[in-house]
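Engineer: For reference, the file run21.cif (mmCIF, C-alpha atoms) is included below:
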```cif
data_work
#
loop_
_atom_site.label_atom_id
_atom_site.label_comp_id
_atom_site.auth_asym_id
_atom_site.auth_seq_id
_atom_site.Cartn_x
_atom_site.Cartn_y
_atom_site.Cartn_z
CA MET O 1 0.00 0.00 0.00
CA ALA O 2 1.41 3.37 -1.01
CA ASN O 3 -0.23 6.58 0.14
CA LEU O 4 -0.60 9.26 -2.51
CA LEU O 5 -1.61 12.89 -2.03
CA TRP O 6 -2.29 15.10 -5.06
CA LEU O 7 -2.58 18.88 -4.81
CA GLN O 8 -3.04 21.64 -7.37
CA GLY O 9 -1.39 25.05 -7.43
CA GLY O 10 -1.71 27.48 -10.34
CA ALA O 11 -3.45 24.94 -12.51
CA CYS O 12 -6.24 24.53 -15.07
CA SER O 13 -6.92 20.95 -13.94
CA GLY O 14 -5.91 19.72 -17.38
CA ASN O 15 -3.53 17.15 -15.95
CA THR O 16 -6.21 15.82 -13.63
CA MET O 17 -8.55 15.50 -16.61
CA SER O 18 -5.81 13.70 -18.49
CA PHE O 19 -5.03 11.41 -15.52
CA LEU O 20 -8.69 10.40 -15.23
CA ASN O 21 -8.57 9.21 -18.85
CA ALA O 22 -5.66 6.85 -18.28
CA GLU O 23 -6.07 3.36 -19.67
CA GLU O 24 -2.83 1.46 -19.21
CA PRO O 25 -3.15 1.40 -16.28
CA SER O 26 -6.30 3.35 -15.46
CA ALA O 27 -6.79 5.52 -12.40
CA CYS O 28 -8.97 2.75 -10.93
CA ASP O 29 -6.26 0.16 -11.62
CA LEU O 30 -3.90 2.19 -9.46
CA VAL O 31 -6.17 1.50 -6.49
CA THR O 32 -7.43 -2.00 -7.23
CA ASP O 33 -4.36 -3.61 -8.81
CA PHE O 34 -1.37 -1.65 -7.63
CA GLY O 35 -2.20 -0.83 -4.05
CA ILE O 36 -2.17 2.95 -4.30
CA ASN O 37 -4.22 4.63 -1.60
CA VAL O 38 -5.30 8.05 -2.83
CA LEU O 39 -5.42 10.09 0.36
CA TRP O 40 -6.89 13.06 -1.45
CA GLN O 41 -7.10 14.42 -4.98
CA PRO O 42 -8.89 17.66 -5.91
CA SER O 43 -11.36 16.00 -8.30
CA LEU O 44 -11.69 12.66 -6.50
CA GLY O 45 -11.41 13.49 -2.81
CA LEU O 46 -14.60 13.43 -0.78
CA GLU O 47 -13.21 15.51 2.07
CA LEU O 48 -13.69 19.26 2.25
CA GLY O 49 -12.18 22.17 4.17
CA ASP O 50 -10.83 21.21 7.59
CA GLN O 51 -11.00 17.51 6.74
CA VAL O 52 -8.50 18.06 3.91
CA LYS O 53 -6.37 20.22 6.12
CA SER O 54 -6.29 17.47 8.72
CA ILE O 55 -5.07 14.91 6.13
CA ILE O 56 -2.33 17.26 4.99
CA GLU O 57 -1.20 18.04 8.52
CA LYS O 58 -1.05 14.34 9.37
CA CYS O 59 1.11 13.75 6.29
CA ILE O 60 3.50 16.48 7.37
CA SER O 61 3.69 15.28 10.96
CA GLY O 62 4.27 11.69 9.89
CA GLU O 63 1.06 10.40 11.45
CA ILE O 64 0.11 9.34 7.92
CA LYS O 65 3.03 8.06 5.89
CA LEU O 66 3.24 10.06 2.67
CA ASP O 67 4.75 7.85 0.01
CA ILE O 68 4.00 9.93 -3.07
CA PHE O 69 3.27 13.63 -3.24
CA VAL O 70 1.94 14.66 -6.63
CA PHE O 71 1.75 18.32 -7.54
CA GLU O 72 -0.06 19.82 -10.53
CA GLY O 73 0.15 23.50 -11.48
CA THR O 74 2.66 26.18 -10.68
CA VAL O 75 3.90 27.25 -7.31
CA ILE O 76 2.61 30.81 -7.08
CA ASN O 77 4.77 33.33 -5.23
CA ALA O 78 2.83 36.54 -5.90
CA PRO O 79 2.38 39.02 -4.41
CA ASN O 80 5.87 39.93 -3.29
CA GLY O 81 6.95 36.39 -2.61
CA THR O 82 4.17 35.69 -0.13
CA GLY O 83 2.17 33.24 -2.26
CA GLU O 84 -1.04 34.79 -0.96
CA TRP O 85 -2.59 34.69 -4.43
CA ASN O 86 -2.95 30.94 -4.05
CA ARG O 87 -4.22 30.15 -0.57
CA PHE O 88 -5.32 26.63 0.32
CA CYS O 89 -6.58 25.31 3.66
CA GLY O 90 -5.82 28.56 5.39
CA ARG O 91 -2.32 29.34 4.18
CA PRO O 92 -0.35 29.91 0.98
CA MET O 93 -0.10 26.73 -1.09
CA LYS O 94 3.65 27.25 -1.48
CA GLU O 95 4.09 26.61 2.26
CA TRP O 96 2.13 23.33 2.11
CA VAL O 97 4.22 22.30 -0.89
CA LYS O 98 7.53 22.76 0.91
CA GLU O 99 6.42 20.84 3.99
CA LEU O 100 4.78 18.02 2.07
CA ALA O 101 7.77 17.64 -0.26
CA ALA O 102 10.02 17.32 2.77
CA ALA O 103 7.76 14.63 4.23
CA ALA O 104 7.28 12.53 1.08
CA ASP O 105 9.31 9.58 -0.15
CA PHE O 106 8.72 10.65 -3.74
CA VAL O 107 7.67 13.97 -5.23
CA VAL O 108 6.15 13.91 -8.71
CA ALA O 109 5.47 17.07 -10.73
CA ILE O 110 2.75 16.56 -13.33
CA GLY O 111 2.45 18.85 -16.34
CA ASP O 112 4.44 21.83 -17.55
CA CYS O 113 3.25 24.18 -14.83
CA ALA O 114 4.49 21.99 -12.00
CA THR O 115 7.69 21.01 -13.78
CA TRP O 116 8.95 24.37 -15.07
CA GLY O 117 6.25 26.97 -14.81
CA GLY O 118 4.56 26.45 -18.18
CA ILE O 119 2.22 29.09 -19.54
CA PRO O 120 1.67 30.96 -16.22
CA ALA O 121 5.43 31.56 -15.93
CA THR O 122 5.62 33.08 -19.40
CA ALA O 123 6.92 36.64 -19.33
CA PRO O 124 5.89 38.85 -17.62
CA ASN O 125 4.86 36.05 -15.24
CA PRO O 126 2.36 38.14 -13.26
CA SER O 127 1.70 35.42 -10.67
CA ASP O 128 5.44 34.99 -10.07
CA SER O 129 4.99 31.31 -10.86
CA GLU O 130 7.65 28.61 -10.94
CA GLY O 131 7.86 24.85 -11.11
CA LEU O 132 8.79 22.60 -8.21
CA GLN O 133 12.44 22.36 -9.14
CA PHE O 134 12.81 24.43 -12.31
CA LEU O 135 11.82 27.79 -13.70
CA LYS O 136 11.93 27.14 -17.42
CA ARG O 137 15.49 25.83 -18.00
CA GLU O 138 16.91 27.22 -14.81
CA LYS O 139 17.23 24.70 -12.02
CA GLY O 140 15.99 25.76 -8.60
CA GLY O 141 12.28 26.42 -8.55
CA ALA O 142 10.20 26.36 -5.40
CA LEU O 143 12.08 23.53 -3.72
CA GLY O 144 15.62 24.55 -4.67
CA ALA O 145 18.19 22.94 -6.92
CA ASP O 146 19.50 20.58 -4.25
CA PHE O 147 16.17 19.19 -3.11
CA THR O 148 15.78 15.45 -2.89
CA ALA O 149 12.83 13.60 -1.45
CA LYS O 150 13.29 11.01 1.30
CA SER O 151 13.92 8.34 -1.35
CA GLY O 152 16.97 10.30 -2.49
CA LEU O 153 15.41 11.17 -5.85
CA PRO O 154 14.81 14.77 -6.91
CA VAL O 155 11.37 15.78 -8.16
CA ILE O 156 10.31 13.41 -10.92
CA ASN O 157 9.15 15.66 -13.74
CA ILE O 158 6.41 14.47 -16.07
CA PRO O 159 5.88 17.48 -18.36
CA GLY O 160 3.27 18.07 -21.03
CA CYS O 161 0.31 20.34 -21.51
CA PRO O 162 -1.23 18.12 -20.40
CA ALA O 163 0.94 15.12 -19.63
CA HIS O 164 -0.25 11.95 -21.33
CA PRO O 165 -2.35 9.98 -18.82
CA ASP O 166 -0.34 6.79 -19.21
CA TRP O 167 2.97 8.59 -18.53
CA VAL O 168 1.45 9.60 -15.22
CA THR O 169 -0.05 6.29 -14.19
CA GLN O 170 2.92 4.22 -15.33
CA ILE O 171 5.36 6.30 -13.31
CA LEU O 172 3.08 6.21 -10.27
CA VAL O 173 2.85 2.43 -10.53
CA GLY O 174 6.61 2.15 -10.90
CA VAL O 175 7.18 4.21 -7.78
CA ALA O 176 4.38 2.58 -5.75
CA THR O 177 5.55 -0.94 -6.52
CA GLY O 178 9.14 -0.38 -5.50
CA ARG O 179 10.57 -0.03 -9.01
CA ALA O 180 11.78 3.55 -8.58
CA GLY O 181 15.33 2.25 -8.72
CA ASP O 182 14.73 1.39 -12.37
CA LEU O 183 13.90 4.99 -13.21
CA THR O 184 16.59 7.02 -14.91
CA LEU O 185 16.04 10.72 -15.30
CA ASP O 186 17.43 13.11 -17.90
CA GLU O 187 18.96 16.53 -17.22
CA PHE O 188 15.47 17.96 -16.68
CA GLN O 189 14.53 15.10 -14.36
CA ARG O 190 12.17 13.57 -16.89
CA PRO O 191 11.98 9.75 -16.95
CA LYS O 192 14.18 8.67 -19.83
CA THR O 193 11.84 5.84 -20.68
CA PHE O 194 9.44 8.44 -22.07
CA PHE O 195 11.57 11.44 -22.90
CA SER O 196 14.64 10.17 -24.76
CA SER O 197 12.96 9.86 -28.14
CA PHE O 198 11.31 12.67 -30.06
CA THR O 199 7.72 13.51 -30.89
CA GLN O 200 8.80 12.83 -34.44
CA THR O 201 9.66 9.24 -33.55
CA GLY O 202 6.75 7.30 -35.00
CA CYS O 203 5.18 10.27 -36.75
CA THR O 204 3.21 9.17 -39.81
CA ARG O 205 4.55 12.19 -41.69
CA ASN O 206 8.16 11.11 -41.39
CA MET O 207 8.39 10.15 -45.05
CA HIS O 208 7.45 13.70 -45.96
CA PHE O 209 10.07 15.02 -43.55
CA ALA O 210 12.65 12.81 -45.21
CA TYR O 211 11.74 13.94 -48.72
CA LYS O 212 11.33 17.58 -47.70
CA VAL O 213 7.74 17.97 -48.74
CA SER O 214 5.90 20.55 -46.69
CA THR O 215 2.32 20.80 -45.51
CA THR O 216 1.46 24.28 -46.71
CA ALA O 217 -1.96 24.74 -45.12
CA PHE O 218 -3.96 23.20 -42.30
CA GLY O 219 -6.09 20.26 -43.31
CA GLN O 220 -3.61 18.79 -45.76
CA ARG O 221 -2.74 15.18 -45.08
CA LYS O 222 0.37 15.25 -47.22
CA GLY O 223 3.58 16.92 -46.16
CA CYS O 224 5.55 17.52 -43.00
CA LEU O 225 4.37 20.12 -40.50
CA PHE O 226 7.91 21.12 -39.50
CA TYR O 227 8.87 23.17 -42.53
CA ASP O 228 6.16 25.79 -42.52
CA LEU O 229 3.57 25.30 -39.80
CA GLY O 230 5.88 25.50 -36.79
CA CYS O 231 5.88 21.83 -35.76
CA ARG O 232 8.50 21.15 -33.08
CA GLY O 233 8.38 17.37 -33.42
CA PRO O 234 12.01 16.96 -34.51
CA MET O 235 13.37 18.73 -31.42
CA THR O 236 10.85 17.86 -28.73
CA HIS O 237 11.42 14.97 -26.38
CA SER O 238 8.19 13.04 -25.94
CA PRO O 239 6.69 9.67 -26.90
CA CYS O 240 3.51 11.23 -28.35
CA ASN O 241 3.78 9.09 -31.49
CA ARG O 242 4.79 5.94 -29.58
CA ILE O 243 2.27 6.05 -26.75
CA LEU O 244 -0.67 7.39 -28.67
CA TRP O 245 -3.32 9.71 -27.32
CA ASN O 246 -6.67 8.04 -26.80
CA ARG O 247 -4.75 4.96 -27.97
CA HIS O 248 -5.01 5.88 -31.62
CA SER O 249 -3.82 9.37 -32.45
CA SER O 250 -1.48 12.25 -31.79
CA LYS O 251 -1.28 15.92 -32.66
CA THR O 252 0.80 15.37 -35.78
CA ARG O 253 -1.32 12.43 -36.90
CA ALA O 254 -4.35 14.69 -36.71
CA GLY O 255 -2.58 17.42 -38.68
CA MET O 256 -1.75 19.63 -35.71
CA PRO O 257 1.86 20.80 -35.31
CA CYS O 258 3.65 19.73 -32.14
CA LEU O 259 3.98 22.77 -29.88
CA GLY O 260 6.92 21.37 -27.94
CA CYS O 261 4.99 21.21 -24.69
CA THR O 262 7.31 18.77 -22.95
CA GLU O 263 10.27 21.14 -23.18
CA PRO O 264 11.10 23.78 -20.54
CA GLU O 265 10.79 26.71 -22.98
CA PHE O 266 7.16 25.97 -23.77
CA PRO O 267 5.34 28.13 -24.82
CA PHE O 268 8.10 29.12 -27.22
CA TYR O 269 8.96 32.73 -28.04
CA ASP O 270 6.72 33.79 -25.16
CA LEU O 271 3.75 33.49 -27.52
CA ALA O 272 4.79 36.60 -29.46
CA PRO O 273 2.38 37.26 -32.35
CA GLY O 274 3.28 35.24 -35.43
CA THR O 275 5.32 32.63 -33.58
CA VAL O 276 2.63 29.98 -33.13
CA PHE O 277 1.88 27.65 -36.04
CA LYS O 278 4.63 29.28 -38.10
CA THR O 279 8.15 27.98 -38.48
CA GLN O 280 10.50 30.76 -37.45
CA THR O 281 13.18 31.40 -40.06
CA VAL O 282 16.26 33.49 -40.70
CA MET O 283 16.64 34.24 -44.41
CA GLY O 284 14.34 31.35 -45.17
CA VAL O 285 16.25 28.83 -43.02
CA PRO O 286 14.55 27.46 -39.86
CA ARG O 287 15.74 29.17 -36.68
CA ASP O 288 15.32 25.96 -34.68
CA MET O 289 16.87 22.98 -36.41
CA PRO O 290 16.06 19.32 -35.78
CA GLU O 291 18.17 18.35 -32.77
CA GLY O 292 21.78 17.67 -33.68
CA VAL O 293 21.55 19.12 -37.20
CA ASP O 294 23.50 22.26 -38.20
CA LYS O 295 22.55 24.78 -40.88
CA LYS O 296 25.11 23.62 -43.41
CA GLY O 297 24.17 19.99 -43.01
CA TYR O 298 20.49 20.89 -43.18
CA ILE O 299 20.90 22.69 -46.50
CA LYS O 300 22.91 19.82 -47.96
CA LEU O 301 20.38 17.29 -46.71
CA THR O 302 17.51 19.27 -48.20
CA ALA O 303 19.16 19.50 -51.61
CA ALA O 304 19.87 15.77 -51.63
CA ALA O 305 16.45 14.78 -50.32
CA LYS O 306 14.49 16.94 -52.74
CA GLY O 307 16.61 15.66 -55.59
CA ALA O 308 15.88 12.07 -54.63
CA ALA O 309 12.23 12.43 -53.59
CA PRO O 310 9.82 10.06 -55.35
CA ALA O 311 6.76 11.45 -57.11
CA TRP O 312 4.33 9.87 -54.65
CA ALA O 313 5.77 11.99 -51.85
CA GLU O 314 4.02 14.98 -53.43
CA GLU O 315 0.61 13.33 -53.28
CA ASP O 316 -1.94 12.77 -50.54
CA ILE O 317 -1.46 9.06 -50.04
CA PHE O 318 -4.02 8.74 -47.26
CA VAL O 319 -6.93 8.04 -49.57
CA VAL O 320 -10.27 7.39 -47.90
CA MET Y 1 -17.53 35.39 -51.30
CA ALA Y 2 -13.78 35.68 -50.71
CA ASP Y 3 -13.11 35.40 -54.45
CA ALA Y 4 -15.58 38.18 -55.14
CA LYS Y 5 -13.42 40.54 -53.11
CA LYS Y 6 -10.24 39.65 -54.99
CA LYS Y 7 -8.83 42.16 -57.36
CA GLY Y 8 -9.29 41.11 -60.96
CA LEU Y 9 -7.81 42.15 -64.28
CA SER Y 10 -8.70 45.39 -65.97
CA GLU Y 11 -10.47 45.00 -69.30
CA ALA Y 12 -7.33 46.08 -71.15
CA GLU Y 13 -5.16 43.54 -69.34
CA ARG Y 14 -7.68 40.82 -69.99
CA GLN Y 15 -7.82 41.65 -73.70
CA ALA Y 16 -4.02 41.66 -73.92
CA TYR Y 17 -3.87 38.12 -72.57
CA ILE Y 18 -6.61 36.97 -74.95
CA ASP Y 19 -4.89 38.54 -77.92
CA ARG Y 20 -1.56 36.93 -77.15
CA TYR Y 21 -2.50 33.53 -75.68
CA GLY Y 22 -6.19 33.07 -76.39
CA LEU Y 23 -7.01 32.87 -72.67
CA THR Y 24 -6.21 34.41 -69.28
CA PRO Y 25 -3.83 32.97 -66.62
CA ALA Y 26 -6.69 31.49 -64.58
CA GLU Y 27 -7.62 29.28 -67.53
CA ALA Y 28 -4.09 28.51 -68.70
CA SER Y 29 -2.40 25.12 -68.72
CA TYR Y 30 1.00 24.47 -67.15
CA ASP Y 31 2.89 25.09 -70.39
CA ILE Y 32 1.07 28.28 -71.21
CA LEU Y 33 1.60 29.64 -67.70
CA ILE Y 34 5.32 28.97 -68.03
CA ARG Y 35 5.28 30.78 -71.35
CA MET Y 36 3.39 33.71 -69.89
CA ILE Y 37 5.92 34.03 -67.05
CA GLU Y 38 8.94 33.81 -69.34
CA ASP Y 39 7.40 36.26 -71.81
CA MET Y 40 6.81 38.81 -69.05
CA PHE Y 41 10.46 38.71 -68.05
CA ALA Y 42 11.53 38.84 -71.70
CA ASP Y 43 9.41 41.98 -71.99
CA GLY Y 44 11.37 43.56 -69.13
CA LEU Y 45 9.31 42.74 -66.02
CA LYS Y 46 11.01 43.93 -62.80
CA THR Y 47 9.92 42.29 -59.57
CA GLU Y 48 10.28 43.32 -55.93
CA VAL Y 49 13.17 41.06 -55.01
CA GLU Y 50 13.95 43.07 -51.90
CA PRO Y 51 13.45 43.46 -49.05
CA PHE Y 52 13.64 39.78 -48.18
CA PRO Y 53 10.96 39.11 -45.53
CA GLU Y 54 13.20 38.65 -42.50
CA THR Y 55 10.47 38.15 -39.94
CA ASP Y 56 7.39 36.02 -40.04
CA ARG Y 57 5.30 39.14 -39.68
CA GLU Y 58 6.83 40.52 -42.89
CA PHE Y 59 6.38 37.15 -44.54
CA GLY Y 60 2.75 37.12 -43.43
CA GLN Y 61 2.18 40.61 -44.82
CA LEU Y 62 3.37 39.45 -48.23
CA LEU Y 63 1.05 36.48 -48.06
CA ASP Y 64 -1.82 38.76 -47.09
CA ALA Y 65 -1.16 40.92 -50.13
CA LEU Y 66 -0.95 37.88 -52.40
CA ARG Y 67 -4.25 36.53 -51.09
CA GLU Y 68 -5.93 39.67 -52.39
CA LEU Y 69 -5.04 38.73 -55.94
CA SER Y 70 -7.12 36.60 -58.27
CA PRO Y 71 -5.54 33.71 -60.21
CA ASP Y 72 -5.63 35.96 -63.28
CA GLN Y 73 -3.30 38.50 -61.73
CA LEU Y 74 -0.17 36.66 -62.65
CA ARG Y 75 1.90 39.78 -63.23
CA GLN Y 76 1.12 41.17 -59.77
CA LYS Y 77 1.88 37.82 -58.16
CA LEU Y 78 5.29 37.76 -59.78
CA ILE Y 79 6.05 41.34 -58.77
CA LEU Y 80 4.98 40.95 -55.15
CA SER Y 81 6.75 37.66 -54.65
CA GLY Y 82 10.00 38.99 -56.11
CA TRP Y 83 10.02 36.24 -58.71
CA LEU Y 84 13.25 35.68 -60.66
CA LEU Y 85 14.15 33.32 -63.47
CA GLU Y 86 17.53 32.55 -61.91
CA PRO Y 87 18.98 31.56 -58.52
CA TYR Y 88 19.48 34.35 -56.00
CA GLY Y 89 22.15 35.49 -53.58
CA GLU Y 90 25.54 34.23 -52.50
CA GLU Y 91 24.11 30.86 -51.63
CA GLN Y 92 22.38 30.61 -54.98
CA MET Y 93 19.00 29.92 -53.47
CA ARG Y 94 16.54 28.41 -55.96
CA CYS Y 95 13.17 26.73 -56.15
CA GLN Y 96 14.70 23.25 -56.31
CA GLU Y 97 15.54 23.38 -52.59
CA CYS Y 98 12.53 25.40 -51.47
CA MET Y 99 10.02 23.74 -49.14
CA TYR Y 100 7.12 24.85 -51.28
CA TYR Y 101 8.50 23.40 -54.48
CA LEU Y 102 7.18 20.09 -55.76
CA VAL Y 103 10.09 18.77 -57.79
CA HIS Y 104 8.13 16.27 -59.85
CA LYS Y 105 5.22 18.50 -60.61
CA ARG Y 106 7.57 21.45 -61.08
CA TRP Y 107 5.07 23.49 -59.18
CA CYS Y 108 5.13 26.04 -56.35
CA ASP Y 109 2.77 24.59 -53.75
CA LEU Y 110 2.54 27.75 -51.64
CA PRO Y 111 -1.24 28.31 -51.80
CA GLU Y 112 -0.82 32.05 -52.26
CA LEU Y 113 1.29 31.54 -55.40
CA ASP Y 114 0.15 28.18 -56.80
CA LEU Y 115 2.17 28.54 -60.00
CA PRO Y 116 4.41 26.43 -62.20
CA ALA Y 117 8.11 27.00 -61.62
CA LYS Y 118 11.43 25.76 -62.90
CA PRO Y 119 14.07 24.38 -60.50
CA ASP Y 120 16.50 27.27 -61.05
CA TRP Y 121 13.97 30.02 -60.45
CA TRP Y 122 13.56 31.80 -57.12
CA CYS Y 123 11.33 34.20 -55.22
CA ARG Y 124 11.61 36.01 -51.90
CA LEU Y 125 9.11 33.66 -50.26
CA TRP Y 126 11.80 30.98 -50.50
CA ARG Y 127 12.09 28.70 -47.46
CA ILE Y 128 14.19 25.67 -46.85
#
```
In structure tokens, what does this structure look like?
Structural biologist:
Amino acid sequence: MANLLWLQGGACSGNTMSFLNAEEPSACDLVTDFGINVLWQPSLGLELGDQVKSIIEKCISGEIKLDIFVFEGTVINAPNGTGEWNRFCGRPMKEWVKELAAAADFVVAIGDCATWGGIPATAPNPSDSEGLQFLKREKGGALGADFTAKSGLPVINIPGCPAHPDWVTQILVGVATGRAGDLTLDEFQRPKTFFSSFTQTGCTRNMHFAYKVSTTAFGQRKGCLFYDLGCRGPMTHSPCNRILWNRHSSKTRAGMPCLGCTEPEFPFYDLAPGTVFKTQTVMGVPRDMPEGVDKKGYIKLTAAAKGAAPAWAEEDIFVV
Amino acid sequence: MADAKKKGLSEAERQAYIDRYGLTPAEASYDILIRMIEDMFADGLKTEVEPFPETDREFGQLLDALRELSPDQLRQKLILSGWLLEPYGEEQMRCQECMYYLVHKRWCDLPELDLPAKPDWWCRLWRI
């Protein structure tokens, strides 16, 4: 039996909605098959007000063993570092977060907001938001760069806007069943099992990427979304095309460019006008290259690929 | 409705196309469109090669202007897009490597242009 407490800070509840749609395993499986005892969760908990406060205080005091502390949403520091803009159970949420993180065996940040601040922390960041252990790329965050939970692990970051439900439940099962030792984390404390490959890995448009054929308008099934429509699939670490959404699709499969939501810089370019759904270029060359590719190599590759592209690559091959 | 707002040809321009080719650009086949483009340059057409749209906002403004044009307004499309019948710049940029160019169809697939093109041509909407 592993006790889990889930709280929300500066959040839209999107990650809770995602979590409730998990299938492999489902949220119910966590309880029935994997022995997770959900002490409280904002959308599932039956307790209100002082009852919730009592659960939290018992977790902090050690009266209830807190195995897993899950946090969704940003840690809000406004105004003036007090965190008063986000009060919960009678005090700023940021104070609960620090005390619960210190009491827990494992701390798991779910979604971009809890991992690195996400959209709320976009400049000018009016709520003075940050993630649990990062603010965008900068390590530190609400708990500090050196924080480790009682297990010895830092915050386990599961980013995404929202995170895929199965990333959440699979990591929770791993931790709850004593397999945390098998987890390896990357430089942003994301589980490598999910975040070593790219969104592009498994994308059905890869052949069009290879032959340098672009999607030039929304709704086209031919072409790659990277060249013109701002897709960040080639430089975003996520398994969105390996662990499919709703088990059968992904953004790129549905014709929607990847927005790079599992990376600390999301939303990119601080959402400046003209930067969303448009590949940013310098003299016609993409500003952000596929990871590991330089400009010279990219130009050479393009010339070779276009020269070798077969005729079918220019057609819509997904005939209904 | 959107097409109704697009700028069309003047009667004189329309008649000039009919006299020379028997039809207007909107009705022309691939080969005739190529001929029309080459003839315009042979007749001394100068296009707006610069400034190169450095930012996406500038790029978008060009696209907005092109969207105002009807398929018949070939001359204006070429002028606005900075069309050239040769590679451009130190790096010899050309349609062949452009993202919008379909090498087998020899066609510019940018919806706002939607024109035939040869591999060694170029325009300032070039992207790689």
Engineer: State, in Å with one decimal place, the distance from atom CA of O:Arg247 to atom CA of O:Thr201.
Structural biologist: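 Straight-line distance from atom CA of O:Arg247 to atom CA of O:Thr201 works out to 16.0 Å.
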Engineer: Based on only C-alpha atoms, which of the residues in chain Y come within 7 Å of chain O? I want them as a ChimeraX atom specification.
Structural biologist: /Y:54,56-57,97,99-100,102-104,110,126-128
Engineer: Please provide as an MDAnalysis selection string all residues within 12 Å of stretch 80-84 of chain O, with the sequence filter that same-chain residues fewer than 6 positions apart are discarded (counting all atoms listed in the file).
Structural biologist: chainID O and resid 9:10 74 90:97 126:130 142
Engineer: Only C-alpha atoms, please: the residues just picked out, written as a PDB file, keeping the file's coordinate frame.
Structural biologist:
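File selection-v8.pdb, as written:
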```pdb
ATOM      1  CA  GLY O   9      -1.390  25.050  -7.430  1.00  0.00           C
ATOM      2  CA  GLY O  10      -1.710  27.480 -10.340  1.00  0.00           C
ATOM      3  CA  THR O  74       2.660  26.180 -10.680  1.00  0.00           C
ATOM      4  CA  GLY O  90      -5.820  28.560   5.390  1.00  0.00           C
ATOM      5  CA  ARG O  91      -2.320  29.340   4.180  1.00  0.00           C
ATOM      6  CA  PRO O  92      -0.350  29.910   0.980  1.00  0.00           C
ATOM      7  CA  MET O  93      -0.100  26.730  -1.090  1.00  0.00           C
ATOM      8  CA  LYS O  94       3.650  27.250  -1.480  1.00  0.00           C
ATOM      9  CA  GLU O  95       4.090  26.610   2.260  1.00  0.00           C
ATOM     10  CA  TRP O  96       2.130  23.330   2.110  1.00  0.00           C
ATOM     11  CA  VAL O  97       4.220  22.300  -0.890  1.00  0.00           C
ATOM     12  CA  PRO O 126       2.360  38.140 -13.260  1.00  0.00           C
ATOM     13  CA  SER O 127       1.700  35.420 -10.670  1.00  0.00           C
ATOM     14  CA  ASP O 128       5.440  34.990 -10.070  1.00  0.00           C
ATOM     15  CA  SER O 129       4.990  31.310 -10.860  1.00  0.00           C
ATOM     16  CA  GLU O 130       7.650  28.610 -10.940  1.00  0.00           C
ATOM     17  CA  ALA O 142      10.200  26.360  -5.400  1.00  0.00           C
TER      18      ALA O 142
END
```
Engineer: For Y:Tyr30, please output as a VMD selection string all residues within 7 Å (counting all atoms listed in the file; exclusion window: fewer than 3 positions along the same chain).
Structural biologist: chain Y and resid 33 to 34 116
Engineer: Taking only C-alpha atoms into account, which of Y:Leu74, Y:Leu9, Y:Glu90, Y:Cys98 comes nearest Y:Ala28?
Structural biologist: Y:Leu74
Engineer: For the structure provided, state which residues fall under the PyMOL selection byres ((chain O and resi 158-168) around 7), and present them as a JSON list (two decimals) with C-alpha atoms, keeping the file's coordinate frame.
Structural biologist:
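Generated file (out_12.json):
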```json
[["chain", "number", "residue", "atom", "x", "y", "z"],
["O", 14, "GLY", "CA", -5.91, 19.72, -17.38],
["O", 15, "ASN", "CA", -3.53, 17.15, -15.95],
["O", 18, "SER", "CA", -5.81, 13.70, -18.49],
["O", 19, "PHE", "CA", -5.03, 11.41, -15.52],
["O", 21, "ASN", "CA", -8.57, 9.21, -18.85],
["O", 22, "ALA", "CA", -5.66, 6.85, -18.28],
["O", 23, "GLU", "CA", -6.07, 3.36, -19.67],
["O", 24, "GLU", "CA", -2.83, 1.46, -19.21],
["O", 25, "PRO", "CA", -3.15, 1.40, -16.28],
["O", 109, "ALA", "CA", 5.47, 17.07, -10.73],
["O", 110, "ILE", "CA", 2.75, 16.56, -13.33],
["O", 111, "GLY", "CA", 2.45, 18.85, -16.34],
["O", 112, "ASP", "CA", 4.44, 21.83, -17.55],
["O", 115, "THR", "CA", 7.69, 21.01, -13.78],
["O", 156, "ILE", "CA", 10.31, 13.41, -10.92],
["O", 157, "ASN", "CA", 9.15, 15.66, -13.74],
["O", 169, "THR", "CA", -0.05, 6.29, -14.19],
["O", 170, "GLN", "CA", 2.92, 4.22, -15.33],
["O", 171, "ILE", "CA", 5.36, 6.30, -13.31],
["O", 172, "LEU", "CA", 3.08, 6.21, -10.27],
["O", 190, "ARG", "CA", 12.17, 13.57, -16.89],
["O", 261, "CYS", "CA", 4.99, 21.21, -24.69],
["O", 262, "THR", "CA", 7.31, 18.77, -22.95]]
```
Engineer: Just say which residues the PyMOL selection byres ((chain O and resi 237) around 7) picks in this file, as a PDB file with C-alpha atoms, in the coordinates of the input.
Structural biologist:
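This went into part.pdb:
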```pdb
ATOM      1  CA  PHE O 195      11.570  11.440 -22.900  1.00  0.00           C
ATOM      2  CA  SER O 196      14.640  10.170 -24.760  1.00  0.00           C
ATOM      3  CA  SER O 197      12.960   9.860 -28.140  1.00  0.00           C
ATOM      4  CA  PHE O 198      11.310  12.670 -30.060  1.00  0.00           C
ATOM      5  CA  THR O 199       7.720  13.510 -30.890  1.00  0.00           C
ATOM      6  CA  MET O 235      13.370  18.730 -31.420  1.00  0.00           C
ATOM      7  CA  THR O 236      10.850  17.860 -28.730  1.00  0.00           C
ATOM      8  CA  SER O 238       8.190  13.040 -25.940  1.00  0.00           C
ATOM      9  CA  THR O 262       7.310  18.770 -22.950  1.00  0.00           C
TER      10      THR O 262
END
```
Engineer: Between atom CA of O:Gln220 and atom CA of Y:Phe59, what is the spacing in Å?
Structural biologist: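 Distance between the two atoms: 20.9 Å.
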